[in-house]
file protein36.pdb (PDB, C-alpha atoms and all ligand atoms)
ATOM      1  CA  MET A   1       0.000   0.000   0.000
ATOM      2  CA  LEU A   2       1.162   3.473  -0.857
ATOM      3  CA  VAL A   3       1.390   5.566   2.325
ATOM      4  CA  ILE A   4       0.947   9.307   1.898
ATOM      5  CA  GLY A   5       2.091  11.540   4.764
ATOM      6  CA  LEU A   6      -0.057  14.666   4.766
ATOM      7  CA  THR A   7       1.423  17.626   6.568
ATOM      8  CA  GLY A   8       1.242  21.408   6.764
ATOM      9  CA  GLY A   9       1.458  24.215   9.292
ATOM     10  CA  ILE A  10      -1.270  25.157  11.726
ATOM     11  CA  GLY A  11      -4.380  26.341   9.887
ATOM     12  CA  SER A  12      -3.118  25.253   6.469
ATOM     13  CA  GLY A  13      -6.143  23.015   5.871
ATOM     14  CA  LYS A  14      -4.880  19.498   6.671
ATOM     15  CA  THR A  15      -8.215  18.370   8.096
ATOM     16  CA  SER A  16     -10.217  19.948   5.262
ATOM     17  CA  VAL A  17      -8.008  18.069   2.788
ATOM     18  CA  SER A  18      -7.988  14.729   4.632
ATOM     19  CA  ASP A  19     -11.798  14.860   4.964
ATOM     20  CA  ARG A  20     -11.994  15.101   1.173
ATOM     21  CA  PHE A  21      -9.666  12.144   0.686
ATOM     22  CA  ALA A  22     -11.849  10.159   3.096
ATOM     23  CA  LYS A  23     -14.937  11.040   1.034
ATOM     24  CA  LEU A  24     -13.163   9.612  -2.013
ATOM     25  CA  GLY A  25     -12.702   6.358  -0.119
ATOM     26  CA  ALA A  26      -9.113   6.678   1.136
ATOM     27  CA  PRO A  27      -8.459   5.420   4.669
ATOM     28  CA  VAL A  28      -7.197   8.279   6.858
ATOM     29  CA  ILE A  29      -5.095   7.934  10.004
ATOM     30  CA  ASP A  30      -5.031  11.188  11.954
ATOM     31  CA  THR A  31      -2.159  11.434  14.436
ATOM     32  CA  ASP A  32      -3.966  14.208  16.338
ATOM     33  CA  VAL A  33      -6.721  11.721  17.127
ATOM     34  CA  ILE A  34      -4.128   9.111  18.139
ATOM     35  CA  ALA A  35      -2.350  11.686  20.337
ATOM     36  CA  ARG A  36      -5.615  12.396  22.125
ATOM     37  CA  GLU A  37      -6.190   8.701  22.759
ATOM     38  CA  MET A  38      -2.632   8.258  24.040
ATOM     39  CA  VAL A  39      -3.042  10.886  26.745
ATOM     40  CA  ALA A  40      -6.316   9.553  28.181
ATOM     41  CA  PRO A  41      -6.134   8.787  31.922
ATOM     42  CA  GLY A  42      -4.635   5.352  32.479
ATOM     43  CA  MET A  43      -2.497   5.430  29.336
ATOM     44  CA  PRO A  44       1.304   5.397  29.889
ATOM     45  CA  ALA A  45       1.754   8.825  28.236
ATOM     46  CA  TYR A  46      -0.775  10.354  30.660
ATOM     47  CA  GLY A  47       1.380   9.363  33.625
ATOM     48  CA  ASP A  48       4.566  10.474  31.886
ATOM     49  CA  ILE A  49       3.148  13.905  31.049
ATOM     50  CA  ARG A  50       1.789  14.352  34.555
ATOM     51  CA  GLY A  51       5.229  13.424  35.911
ATOM     52  CA  VAL A  52       6.971  16.057  33.781
ATOM     53  CA  PHE A  53       4.439  18.906  33.916
ATOM     54  CA  GLY A  54       2.629  18.323  37.214
ATOM     55  CA  ASP A  55      -1.075  18.540  37.972
ATOM     56  CA  VAL A  56      -1.406  22.055  36.489
ATOM     57  CA  VAL A  57      -2.027  20.367  33.145
ATOM     58  CA  LEU A  58      -5.041  18.444  34.454
ATOM     59  CA  GLY A  59      -8.595  19.682  34.232
ATOM     60  CA  ARG A  60     -11.100  19.288  37.075
ATOM     61  CA  ASP A  61     -12.157  15.877  35.827
ATOM     62  CA  GLY A  62      -8.556  14.635  35.853
ATOM     63  CA  THR A  63      -8.206  14.534  32.076
ATOM     64  CA  LEU A  64      -5.405  16.407  30.388
ATOM     65  CA  ASP A  65      -6.199  20.053  29.665
ATOM     66  CA  ARG A  66      -4.760  20.284  26.167
ATOM     67  CA  ASP A  67      -5.077  24.067  25.958
ATOM     68  CA  THR A  68      -3.018  24.573  29.122
ATOM     69  CA  LEU A  69      -0.467  22.044  27.936
ATOM     70  CA  ARG A  70      -0.240  23.700  24.531
ATOM     71  CA  LYS A  71       0.340  27.126  26.088
ATOM     72  CA  LEU A  72       3.051  25.701  28.353
ATOM     73  CA  VAL A  73       4.963  23.966  25.594
ATOM     74  CA  PHE A  74       4.785  26.723  23.046
ATOM     75  CA  ASP A  75       6.259  29.119  25.611
ATOM     76  CA  ASP A  76       9.131  26.799  26.476
ATOM     77  CA  ASP A  77      11.262  24.901  23.935
ATOM     78  CA  ARG A  78      12.669  22.505  26.515
ATOM     79  CA  LYS A  79       9.218  21.493  27.727
ATOM     80  CA  ARG A  80       8.050  21.072  24.152
ATOM     81  CA  ALA A  81      10.957  18.737  23.467
ATOM     82  CA  GLU A  82      10.049  16.700  26.561
ATOM     83  CA  LEU A  83       6.446  16.376  25.456
ATOM     84  CA  GLU A  84       7.538  15.317  21.979
ATOM     85  CA  ARG A  85       9.920  12.763  23.453
ATOM     86  CA  ILE A  86       6.983  11.203  25.303
ATOM     87  CA  LEU A  87       4.463  11.347  22.490
ATOM     88  CA  HIS A  88       6.193  10.928  19.138
ATOM     89  CA  PRO A  89       7.568   7.380  19.503
ATOM     90  CA  ALA A  90       4.241   6.148  20.915
ATOM     91  CA  ILE A  91       2.278   7.780  18.094
ATOM     92  CA  LYS A  92       4.617   6.446  15.447
ATOM     93  CA  GLN A  93       4.342   2.922  16.789
ATOM     94  CA  GLU A  94       0.551   3.145  16.820
ATOM     95  CA  VAL A  95       0.486   4.474  13.224
ATOM     96  CA  SER A  96       2.651   1.525  12.083
ATOM     97  CA  ARG A  97       0.335  -0.879  13.881
ATOM     98  CA  ARG A  98      -2.773   0.607  12.232
ATOM     99  CA  LEU A  99      -1.137   0.651   8.790
ATOM    100  CA  GLN A 100      -0.691  -3.098   8.991
ATOM    101  CA  GLY A 101      -4.435  -3.549   9.364
ATOM    102  CA  ILE A 102      -5.404  -1.494   6.303
ATOM    103  CA  VAL A 103      -6.039  -2.931   2.867
ATOM    104  CA  ALA A 104      -6.392  -0.200   0.231
ATOM    105  CA  PRO A 105      -4.498   1.126  -2.808
ATOM    106  CA  TYR A 106      -3.243   4.032  -0.750
ATOM    107  CA  CYS A 107      -3.867   5.657   2.589
ATOM    108  CA  ILE A 108      -3.403   9.091   4.115
ATOM    109  CA  VAL A 109      -1.560   9.637   7.404
ATOM    110  CA  VAL A 110      -2.055  13.160   8.751
ATOM    111  CA  VAL A 111       1.017  14.251  10.736
ATOM    112  CA  PRO A 112       1.230  17.970  11.586
ATOM    113  CA  LEU A 113       4.932  17.617  12.501
ATOM    114  CA  LEU A 114       5.880  15.072   9.816
ATOM    115  CA  ILE A 115       9.036  16.886   8.745
ATOM    116  CA  GLU A 116      10.074  17.823  12.277
ATOM    117  CA  SER A 117       9.467  14.523  14.043
ATOM    118  CA  GLY A 118      11.117  11.702  12.122
ATOM    119  CA  PHE A 119       7.916  10.337  10.653
ATOM    120  CA  THR A 120       9.250  10.565   7.138
ATOM    121  CA  ASP A 121      10.579   6.989   7.259
ATOM    122  CA  ILE A 122       7.135   5.415   7.584
ATOM    123  CA  VAL A 123       5.608   7.218   4.599
ATOM    124  CA  ASP A 124       6.264   6.713   0.885
ATOM    125  CA  ARG A 125       5.350  10.191  -0.243
ATOM    126  CA  ILE A 126       4.893  13.587   1.369
ATOM    127  CA  LEU A 127       1.934  15.833   0.571
ATOM    128  CA  VAL A 128       2.258  19.368   1.917
ATOM    129  CA  VAL A 129      -0.832  21.555   2.315
ATOM    130  CA  ASP A 130       0.199  25.172   2.367
ATOM    131  CA  ALA A 131      -1.198  28.698   2.538
ATOM    132  CA  PRO A 132       0.394  32.065   3.318
ATOM    133  CA  LYS A 133       0.908  32.877   6.995
ATOM    134  CA  GLU A 134      -1.626  35.739   7.050
ATOM    135  CA  CYS A 135      -4.262  33.437   5.654
ATOM    136  CA  ARG A 136      -3.487  30.690   8.200
ATOM    137  CA  LEU A 137      -3.430  33.205  11.058
ATOM    138  CA  ARG A 138      -6.882  34.467  10.022
ATOM    139  CA  ARG A 139      -8.318  30.943   9.845
ATOM    140  CA  VAL A 140      -6.866  29.840  13.176
ATOM    141  CA  ARG A 141      -8.055  32.955  14.961
ATOM    142  CA  ALA A 142     -11.536  32.568  13.496
ATOM    143  CA  ARG A 143     -11.920  29.134  15.030
ATOM    144  CA  SER A 144      -9.927  29.250  18.316
ATOM    145  CA  GLU A 145      -9.191  31.344  21.372
ATOM    146  CA  LEU A 146      -5.506  31.627  20.535
ATOM    147  CA  THR A 147      -4.123  35.163  20.444
ATOM    148  CA  GLU A 148      -2.129  36.454  17.513
ATOM    149  CA  ALA A 149       1.075  36.181  19.596
ATOM    150  CA  GLN A 150       0.314  32.558  20.482
ATOM    151  CA  VAL A 151      -0.267  31.642  16.841
ATOM    152  CA  HIS A 152       3.040  33.292  15.939
ATOM    153  CA  ARG A 153       4.812  31.226  18.596
ATOM    154  CA  ILE A 154       3.311  28.091  17.084
ATOM    155  CA  PHE A 155       4.448  29.220  13.611
ATOM    156  CA  ALA A 156       7.960  29.667  15.008
ATOM    157  CA  ALA A 157       7.989  26.192  16.572
ATOM    158  CA  GLN A 158       6.967  24.471  13.343
ATOM    159  CA  ALA A 159       9.019  23.929  10.209
ATOM    160  CA  ASN A 160       8.724  26.907   7.904
ATOM    161  CA  SER A 161       6.922  26.839   4.633
ATOM    162  CA  GLU A 162      10.081  26.745   2.475
ATOM    163  CA  GLU A 163      11.440  23.795   4.428
ATOM    164  CA  ARG A 164       8.180  21.871   4.096
ATOM    165  CA  ARG A 165       7.853  22.643   0.392
ATOM    166  CA  ARG A 166      11.427  21.482  -0.195
ATOM    167  CA  ARG A 167      10.639  18.086   1.327
ATOM    168  CA  ALA A 168       7.307  17.695  -0.452
ATOM    169  CA  ASP A 169       6.590  15.264  -3.273
ATOM    170  CA  ASP A 170       3.241  16.975  -3.827
ATOM    171  CA  ILE A 171       2.097  20.452  -2.815
ATOM    172  CA  LEU A 172      -1.511  21.506  -2.435
ATOM    173  CA  ASP A 173      -1.819  25.284  -2.290
ATOM    174  CA  ASN A 174      -4.894  26.041  -0.216
ATOM    175  CA  GLU A 175      -5.058  29.799  -0.423
ATOM    176  CA  GLY A 176      -8.274  29.940  -2.425
ATOM    177  CA  GLU A 177     -11.880  29.060  -1.681
ATOM    178  CA  LEU A 178     -12.785  25.826   0.073
ATOM    179  CA  ALA A 179     -14.686  24.795  -3.065
ATOM    180  CA  GLU A 180     -11.402  24.671  -5.027
ATOM    181  CA  LEU A 181     -10.146  21.950  -2.729
ATOM    182  CA  ASP A 182     -12.470  19.315  -4.189
ATOM    183  CA  ASP A 183     -10.813  19.436  -7.624
ATOM    184  CA  LYS A 184      -7.286  19.591  -6.203
ATOM    185  CA  VAL A 185      -7.880  16.601  -3.927
ATOM    186  CA  ALA A 186      -9.584  14.663  -6.733
ATOM    187  CA  ALA A 187      -6.506  15.200  -8.960
ATOM    188  CA  LEU A 188      -4.199  13.921  -6.213
ATOM    189  CA  HIS A 189      -6.517  10.948  -5.625
ATOM    190  CA  ARG A 190      -6.164  10.010  -9.305
ATOM    191  CA  LEU A 191      -2.369  10.370  -9.066
ATOM    192  CA  TYR A 192      -2.168   8.175  -5.962
ATOM    193  CA  MET A 193      -4.408   5.514  -7.501
ATOM    194  CA  ARG A 194      -2.160   5.471 -10.567
ATOM    195  CA  LEU A 195       1.027   5.300  -8.492
ATOM    196  CA  SER A 196      -0.386   2.504  -6.359
ATOM    197  CA  GLU A 197      -1.098   0.455  -9.499
ATOM    198  CA  GLN A 198       2.524   0.861 -10.599
ATOM    199  CA  ARG A 199       3.951  -0.547  -7.388
TER     200      ARG A 199
HETATM  201  P1  LIG A 201      -4.657  22.629  12.555
HETATM  202  O1  LIG A 201      -3.221  22.509  12.243
HETATM  203  O2  LIG A 201      -4.918  23.783  13.431
HETATM  204  O3  LIG A 201      -5.302  21.366  13.038
HETATM  205  P2  LIG A 201      -5.553  22.250   9.830
HETATM  206  O4  LIG A 201      -4.310  22.384   9.033
HETATM  207  O5  LIG A 201      -6.107  20.876  10.031
HETATM  208  O6  LIG A 201      -5.428  23.028  11.177
HETATM  209  P3  LIG A 201      -8.198  22.947   8.957
HETATM  210  O7  LIG A 201      -8.778  22.615  10.306
HETATM  211  O8  LIG A 201      -8.556  22.086   7.802
HETATM  212  O9  LIG A 201      -6.618  23.126   9.065
HETATM  213  O10 LIG A 201      -8.543  24.439   8.556
HETATM  214  C1  LIG A 201      -8.425  25.505   9.502
HETATM  215  C2  LIG A 201      -9.682  26.378   9.400
HETATM  216  O11 LIG A 201      -9.654  27.040   8.137
HETATM  217  C3  LIG A 201     -10.982  25.584   9.441
HETATM  218  O12 LIG A 201     -11.924  26.346  10.121
HETATM  219  C4  LIG A 201     -11.341  25.413   7.962
HETATM  220  O13 LIG A 201     -12.720  25.295   7.753
HETATM  221  C5  LIG A 201     -10.792  26.695   7.368
HETATM  222  N1  LIG A 201     -10.310  26.515   5.966
HETATM  223  C6  LIG A 201      -9.501  25.556   5.492
HETATM  224  N2  LIG A 201      -9.258  25.726   4.167
HETATM  225  C7  LIG A 201      -9.948  26.827   3.803
HETATM  226  C8  LIG A 201     -10.121  27.537   2.560
HETATM  227  N3  LIG A 201      -9.539  27.142   1.433
HETATM  228  N4  LIG A 201     -10.907  28.636   2.573
HETATM  229  C9  LIG A 201     -11.499  29.042   3.716
HETATM  230  N5  LIG A 201     -11.397  28.443   4.902
HETATM  231  C10 LIG A 201     -10.632  27.348   4.963
END

call {"tool": "encode", "arguments": {"input": "protein36.pdb", "output": "structure tokens"}}
result
Amino acid sequence: MLVIGLTGGIGSGKTSVSDRFAKLGAPVIDTDVIAREMVAPGMPAYGDIRGVFGDVVLGRDGTLDRDTLRKLVFDDDRKRAELERILHPAIKQEVSRRLQGIVAPYCIVVVPLLIESGFTDIVDRILVVDAPKECRLRRVRARSELTEAQVHRIFAAQANSEERRRRADDILDNEGELAELDDKVAALHRLYMRLSEQR
């Protein structure tokens, strides 16, 4: 099976794109969803994170407060590295496990930090979704409580657009209307079906 790693900066449109691939029948593994499952109370990563960050990152119900954690790690590079050290290997292992259970011509693995986190070795091809920073900032602010400064800190912690584009096999520019995405995703779907037949 051809494994496509889909990545892009915050607010670039990864979810909008992966939803369209799913509608076309492609299996989608979303590492954000896996990350959420890995930090549920009782999971090893929950205990590890609590050990490193303390109870300030827990909500009243004892579950991890992801907003608090996100603010902490994007203000502190060392803490971010510690969180990544806990999460990335566990997520990668779970992605590999799920890939083994999928039968399809190709599948999409959504990894926000694909380039940054050593996930490149479990994918065959990298698809980068991209849009200018101003556009991404506008989208993120429209749908979250993050301040402009917080979004800029997240931009700074992620690979920059040039770096991502350099590593890409395919680039989907998502600056235009949402409606344009359907055609762009359909064209990539045809490409991936063709490539999977050639393997
Ligand atoms: P994150 O990294 O924060 O998870 P993401 O890369 O998955 O974000 P999406 O959630 O797909 O990005 O998109 C961010 C927001 O921008 C969403 O509210 C989405 O509906 C909107 N959006 C995405 N693409 C477009 C577009 N082409 N035109 C207008 N709005 C868009």

call {"tool": "residues_around", "arguments": {"input": "protein36.pdb", "residues": "stretch 36-39 of chain A", "least_positions_apart": "5", "cutoff": "12 Å", "atoms": "all atoms listed in the file", "output": "list of chain:residue names"}}
result
A:Asp30, A:Thr31, A:Pro44, A:Ala45, A:Tyr46, A:Gly47, A:Asp48, A:Ile49, A:Arg50, A:Val57, A:Leu58, A:Gly62, A:Thr63, A:Leu64, A:Asp65, A:Arg66, A:Leu69, A:Leu83, A:Ile86, A:Leu87, A:His88, A:Pro89, A:Ala90, A:Ile91, A:Lys92, A:Gln93, A:Glu94, A:Val95

call {"tool": "atom_distance", "arguments": {"input": "protein36.pdb", "atom1": "atom CA of A:Val56", "atom2": "atom CA of A:Lys79"}}
result
13.8 Å

call {"tool": "atom_distance", "arguments": {"input": "protein36.pdb", "atom1": "atom CA of A:Glu197", "atom2": "atom CA of A:Leu113"}}
result
28.5 Å

call {"tool": "resolve_selection", "arguments": {"input": "protein36.pdb", "expression": "the PyMOL selection byres (((chain A and resi 112) around 9) and not hetatm)", "output": "PyMOL selection string"}}
result
chain A and resi 6-10+14+31-32+110-111+113-116+158

call {"tool": "write_last_selection", "arguments": {"input": "protein36.pdb", "atoms": "C-alpha atoms", "output": "mmCIF file, in the frame of the given file"}}
result
data_model
loop_
_atom_site.group_PDB
_atom_site.id
_atom_site.type_symbol
_atom_site.label_atom_id
_atom_site.label_comp_id
_atom_site.auth_asym_id
_atom_site.auth_seq_id
_atom_site.Cartn_x
_atom_site.Cartn_y
_atom_site.Cartn_z
ATOM 1 C CA LEU A 6 -0.057 14.666 4.766
ATOM 2 C CA THR A 7 1.423 17.626 6.568
ATOM 3 C CA GLY A 8 1.242 21.408 6.764
ATOM 4 C CA GLY A 9 1.458 24.215 9.292
ATOM 5 C CA ILE A 10 -1.270 25.157 11.726
ATOM 6 C CA LYS A 14 -4.880 19.498 6.671
ATOM 7 C CA THR A 31 -2.159 11.434 14.436
ATOM 8 C CA ASP A 32 -3.966 14.208 16.338
ATOM 9 C CA VAL A 110 -2.055 13.160 8.751
ATOM 10 C CA VAL A 111 1.017 14.251 10.736
ATOM 11 C CA LEU A 113 4.932 17.617 12.501
ATOM 12 C CA LEU A 114 5.880 15.072 9.816
ATOM 13 C CA ILE A 115 9.036 16.886 8.745
ATOM 14 C CA GLU A 116 10.074 17.823 12.277
ATOM 15 C CA GLN A 158 6.967 24.471 13.343
#

call {"tool": "resolve_selection", "arguments": {"input": "protein36.pdb", "expression": "the PyMOL selection byres (((not hetatm)) within 7 of (chain A and resi 201))", "output": "ChimeraX atom specification"}}
result
/A:8-17,112,139-140,143,174-178,181

call {"tool": "residues_near_point", "arguments": {"input": "protein36.pdb", "point": "(-9.9, 6.1, 3.5)", "cutoff": "12 Å", "atoms": "only C-alpha atoms", "output": "list in words"}}
result
Val3, Ile4, Ser18, Asp19, Arg20, Phe21, Ala22, Lys23, Leu24, Gly25, Ala26, Pro27, Val28, Ile29, Asp30, Leu99, Ile102, Val103, Ala104, Pro105, Tyr106, Cys107, Ile108, Val109, Val110 and His189 of chain A

call {"tool": "write_last_selection", "arguments": {"input": "protein36.pdb", "atoms": "C-alpha atoms", "output": "compact mmCIF listing (two decimals), in the coordinates of the input"}}
result
# COMPACT_ATOMS: atom_id res chain seq x y z
CA VAL A 3 1.39 5.57 2.33
CA ILE A 4 0.95 9.31 1.90
CA SER A 18 -7.99 14.73 4.63
CA ASP A 19 -11.80 14.86 4.96
CA ARG A 20 -11.99 15.10 1.17
CA PHE A 21 -9.67 12.14 0.69
CA ALA A 22 -11.85 10.16 3.10
CA LYS A 23 -14.94 11.04 1.03
CA LEU A 24 -13.16 9.61 -2.01
CA GLY A 25 -12.70 6.36 -0.12
CA ALA A 26 -9.11 6.68 1.14
CA PRO A 27 -8.46 5.42 4.67
CA VAL A 28 -7.20 8.28 6.86
CA ILE A 29 -5.10 7.93 10.00
CA ASP A 30 -5.03 11.19 11.95
CA LEU A 99 -1.14 0.65 8.79
CA ILE A 102 -5.40 -1.49 6.30
CA VAL A 103 -6.04 -2.93 2.87
CA ALA A 104 -6.39 -0.20 0.23
CA PRO A 105 -4.50 1.13 -2.81
CA TYR A 106 -3.24 4.03 -0.75
CA CYS A 107 -3.87 5.66 2.59
CA ILE A 108 -3.40 9.09 4.12
CA VAL A 109 -1.56 9.64 7.40
CA VAL A 110 -2.06 13.16 8.75
CA HIS A 189 -6.52 10.95 -5.62

call {"tool": "axis_aligned_box", "arguments": {"input": "protein36.pdb", "around": "stretch 54-67 of chain A", "padding_each_side": "3 Å", "output": "AutoDock Vina command-line options"}}
result
--center_x -4.8 --center_y 19.3 --center_z 32.0 --size_x 20.8 --size_y 15.5 --size_z 18.0

call {"tool": "residues_near_point", "arguments": {"input": "protein36.pdb", "point": "(-5.1, 21.0, -4.2)", "cutoff": "7 Å", "atoms": "all atoms listed in the file", "output": "ChimeraX atom specification"}}
result
/A:172-174,181,183-185

call {"tool": "resolve_selection", "arguments": {"input": "protein36.pdb", "expression": "the PyMOL selection byres (((chain A and resi 154) around 12) and not hetatm)", "output": "VMD selection string"}}
result
chain A and resid 9 to 11 70 to 77 80 112 to 113 133 136 to 137 140 146 to 153 155 to 160

call {"tool": "atom_distance", "arguments": {"input": "protein36.pdb", "atom1": "atom CA of A:Arg138", "atom2": "atom CA of A:Glu162"}}
result
20.1 Å

call {"tool": "closest_residue", "arguments": {"input": "protein36.pdb", "among": "A:Arg125, A:Ser144, A:Glu163, A:Glu82", "to": "A:Leu195", "atoms": "all atoms listed in the file"}}
result
A:Arg125

call {"tool": "closest_residue", "arguments": {"input": "protein36.pdb", "among": "A:Val52, A:Thr120, A:Leu188, A:Ala131", "to": "A:Arg167", "atoms": "only C-alpha atoms"}}
result
A:Thr120

call {"tool": "decode", "arguments": {"input": "protein36.pdb", "residues": "stretch 87-111 of chain A", "atoms": "N, CA and C atoms", "output": "PDB file, in the first residue's frame"}}
result
ATOM      1  N   LEU A  87       5.556  11.674  23.415  1.00  0.00           N
ATOM      2  CA  LEU A  87       4.463  11.347  22.490  1.00  0.00           C
ATOM      3  C   LEU A  87       4.879  10.751  21.147  1.00  0.00           C
ATOM      4  N   HIS A  88       5.921  11.316  20.525  1.00  0.00           N
ATOM      5  CA  HIS A  88       6.193  10.928  19.138  1.00  0.00           C
ATOM      6  C   HIS A  88       6.463   9.438  18.917  1.00  0.00           C
ATOM      7  N   PRO A  89       7.330   8.811  19.747  1.00  0.00           N
ATOM      8  CA  PRO A  89       7.568   7.380  19.503  1.00  0.00           C
ATOM      9  C   PRO A  89       6.299   6.553  19.675  1.00  0.00           C
ATOM     10  N   ALA A  90       5.475   6.916  20.679  1.00  0.00           N
ATOM     11  CA  ALA A  90       4.241   6.148  20.915  1.00  0.00           C
ATOM     12  C   ALA A  90       3.277   6.326  19.742  1.00  0.00           C
ATOM     13  N   ILE A  91       3.193   7.528  19.218  1.00  0.00           N
ATOM     14  CA  ILE A  91       2.278   7.780  18.094  1.00  0.00           C
ATOM     15  C   ILE A  91       2.765   7.025  16.855  1.00  0.00           C
ATOM     16  N   LYS A  92       4.058   7.093  16.637  1.00  0.00           N
ATOM     17  CA  LYS A  92       4.617   6.446  15.447  1.00  0.00           C
ATOM     18  C   LYS A  92       4.369   4.929  15.482  1.00  0.00           C
ATOM     19  N   GLN A  93       4.567   4.369  16.638  1.00  0.00           N
ATOM     20  CA  GLN A  93       4.342   2.922  16.789  1.00  0.00           C
ATOM     21  C   GLN A  93       2.879   2.568  16.514  1.00  0.00           C
ATOM     22  N   GLU A  94       1.981   3.404  17.025  1.00  0.00           N
ATOM     23  CA  GLU A  94       0.551   3.145  16.820  1.00  0.00           C
ATOM     24  C   GLU A  94       0.172   3.307  15.341  1.00  0.00           C
ATOM     25  N   VAL A  95       0.765   4.298  14.657  1.00  0.00           N
ATOM     26  CA  VAL A  95       0.486   4.474  13.224  1.00  0.00           C
ATOM     27  C   VAL A  95       0.943   3.219  12.471  1.00  0.00           C
ATOM     28  N   SER A  96       2.145   2.725  12.770  1.00  0.00           N
ATOM     29  CA  SER A  96       2.651   1.525  12.083  1.00  0.00           C
ATOM     30  C   SER A  96       1.720   0.344  12.324  1.00  0.00           C
ATOM     31  N   ARG A  97       1.237   0.235  13.553  1.00  0.00           N
ATOM     32  CA  ARG A  97       0.335  -0.879  13.881  1.00  0.00           C
ATOM     33  C   ARG A  97      -0.952  -0.776  13.051  1.00  0.00           C
ATOM     34  N   ARG A  98      -1.510   0.438  12.981  1.00  0.00           N
ATOM     35  CA  ARG A  98      -2.773   0.607  12.232  1.00  0.00           C
ATOM     36  C   ARG A  98      -2.566   0.382  10.736  1.00  0.00           C
ATOM     37  N   LEU A  99      -1.402   0.812  10.228  1.00  0.00           N
ATOM     38  CA  LEU A  99      -1.137   0.651   8.790  1.00  0.00           C
ATOM     39  C   LEU A  99      -1.188  -0.821   8.398  1.00  0.00           C
ATOM     40  N   GLN A 100      -0.707  -1.665   9.302  1.00  0.00           N
ATOM     41  CA  GLN A 100      -0.691  -3.098   8.991  1.00  0.00           C
ATOM     42  C   GLN A 100      -2.084  -3.679   8.826  1.00  0.00           C
ATOM     43  N   GLY A 101      -3.069  -3.026   9.435  1.00  0.00           N
ATOM     44  CA  GLY A 101      -4.435  -3.549   9.364  1.00  0.00           C
ATOM     45  C   GLY A 101      -5.238  -2.982   8.203  1.00  0.00           C
ATOM     46  N   ILE A 102      -4.631  -2.141   7.372  1.00  0.00           N
ATOM     47  CA  ILE A 102      -5.404  -1.494   6.303  1.00  0.00           C
ATOM     48  C   ILE A 102      -5.125  -2.140   4.955  1.00  0.00           C
ATOM     49  N   VAL A 103      -6.191  -2.442   4.235  1.00  0.00           N
ATOM     50  CA  VAL A 103      -6.039  -2.931   2.867  1.00  0.00           C
ATOM     51  C   VAL A 103      -6.694  -1.899   1.954  1.00  0.00           C
ATOM     52  N   ALA A 104      -5.881  -1.234   1.146  1.00  0.00           N
ATOM     53  CA  ALA A 104      -6.392  -0.200   0.231  1.00  0.00           C
ATOM     54  C   ALA A 104      -5.262   0.138  -0.735  1.00  0.00           C
ATOM     55  N   PRO A 105      -5.574   0.749  -1.880  1.00  0.00           N
ATOM     56  CA  PRO A 105      -4.498   1.126  -2.808  1.00  0.00           C
ATOM     57  C   PRO A 105      -3.530   2.118  -2.159  1.00  0.00           C
ATOM     58  N   TYR A 106      -4.105   3.076  -1.456  1.00  0.00           N
ATOM     59  CA  TYR A 106      -3.243   4.032  -0.750  1.00  0.00           C
ATOM     60  C   TYR A 106      -3.957   4.515   0.497  1.00  0.00           C
ATOM     61  N   CYS A 107      -3.211   5.075   1.419  1.00  0.00           N
ATOM     62  CA  CYS A 107      -3.867   5.657   2.589  1.00  0.00           C
ATOM     63  C   CYS A 107      -3.164   6.945   2.993  1.00  0.00           C
ATOM     64  N   ILE A 108      -3.899   7.771   3.716  1.00  0.00           N
ATOM     65  CA  ILE A 108      -3.403   9.091   4.115  1.00  0.00           C
ATOM     66  C   ILE A 108      -3.107   9.078   5.609  1.00  0.00           C
ATOM     67  N   VAL A 109      -1.888   9.487   5.981  1.00  0.00           N
ATOM     68  CA  VAL A 109      -1.560   9.637   7.404  1.00  0.00           C
ATOM     69  C   VAL A 109      -1.324  11.130   7.659  1.00  0.00           C
ATOM     70  N   VAL A 110      -2.179  11.726   8.474  1.00  0.00           N
ATOM     71  CA  VAL A 110      -2.055  13.160   8.751  1.00  0.00           C
ATOM     72  C   VAL A 110      -1.108  13.352   9.923  1.00  0.00           C
ATOM     73  N   VAL A 111       0.018  14.029   9.681  1.00  0.00           N
ATOM     74  CA  VAL A 111       1.017  14.251  10.736  1.00  0.00           C
ATOM     75  C   VAL A 111       1.426  15.724  10.701  1.00  0.00           C
TER      76      VAL A 111
END
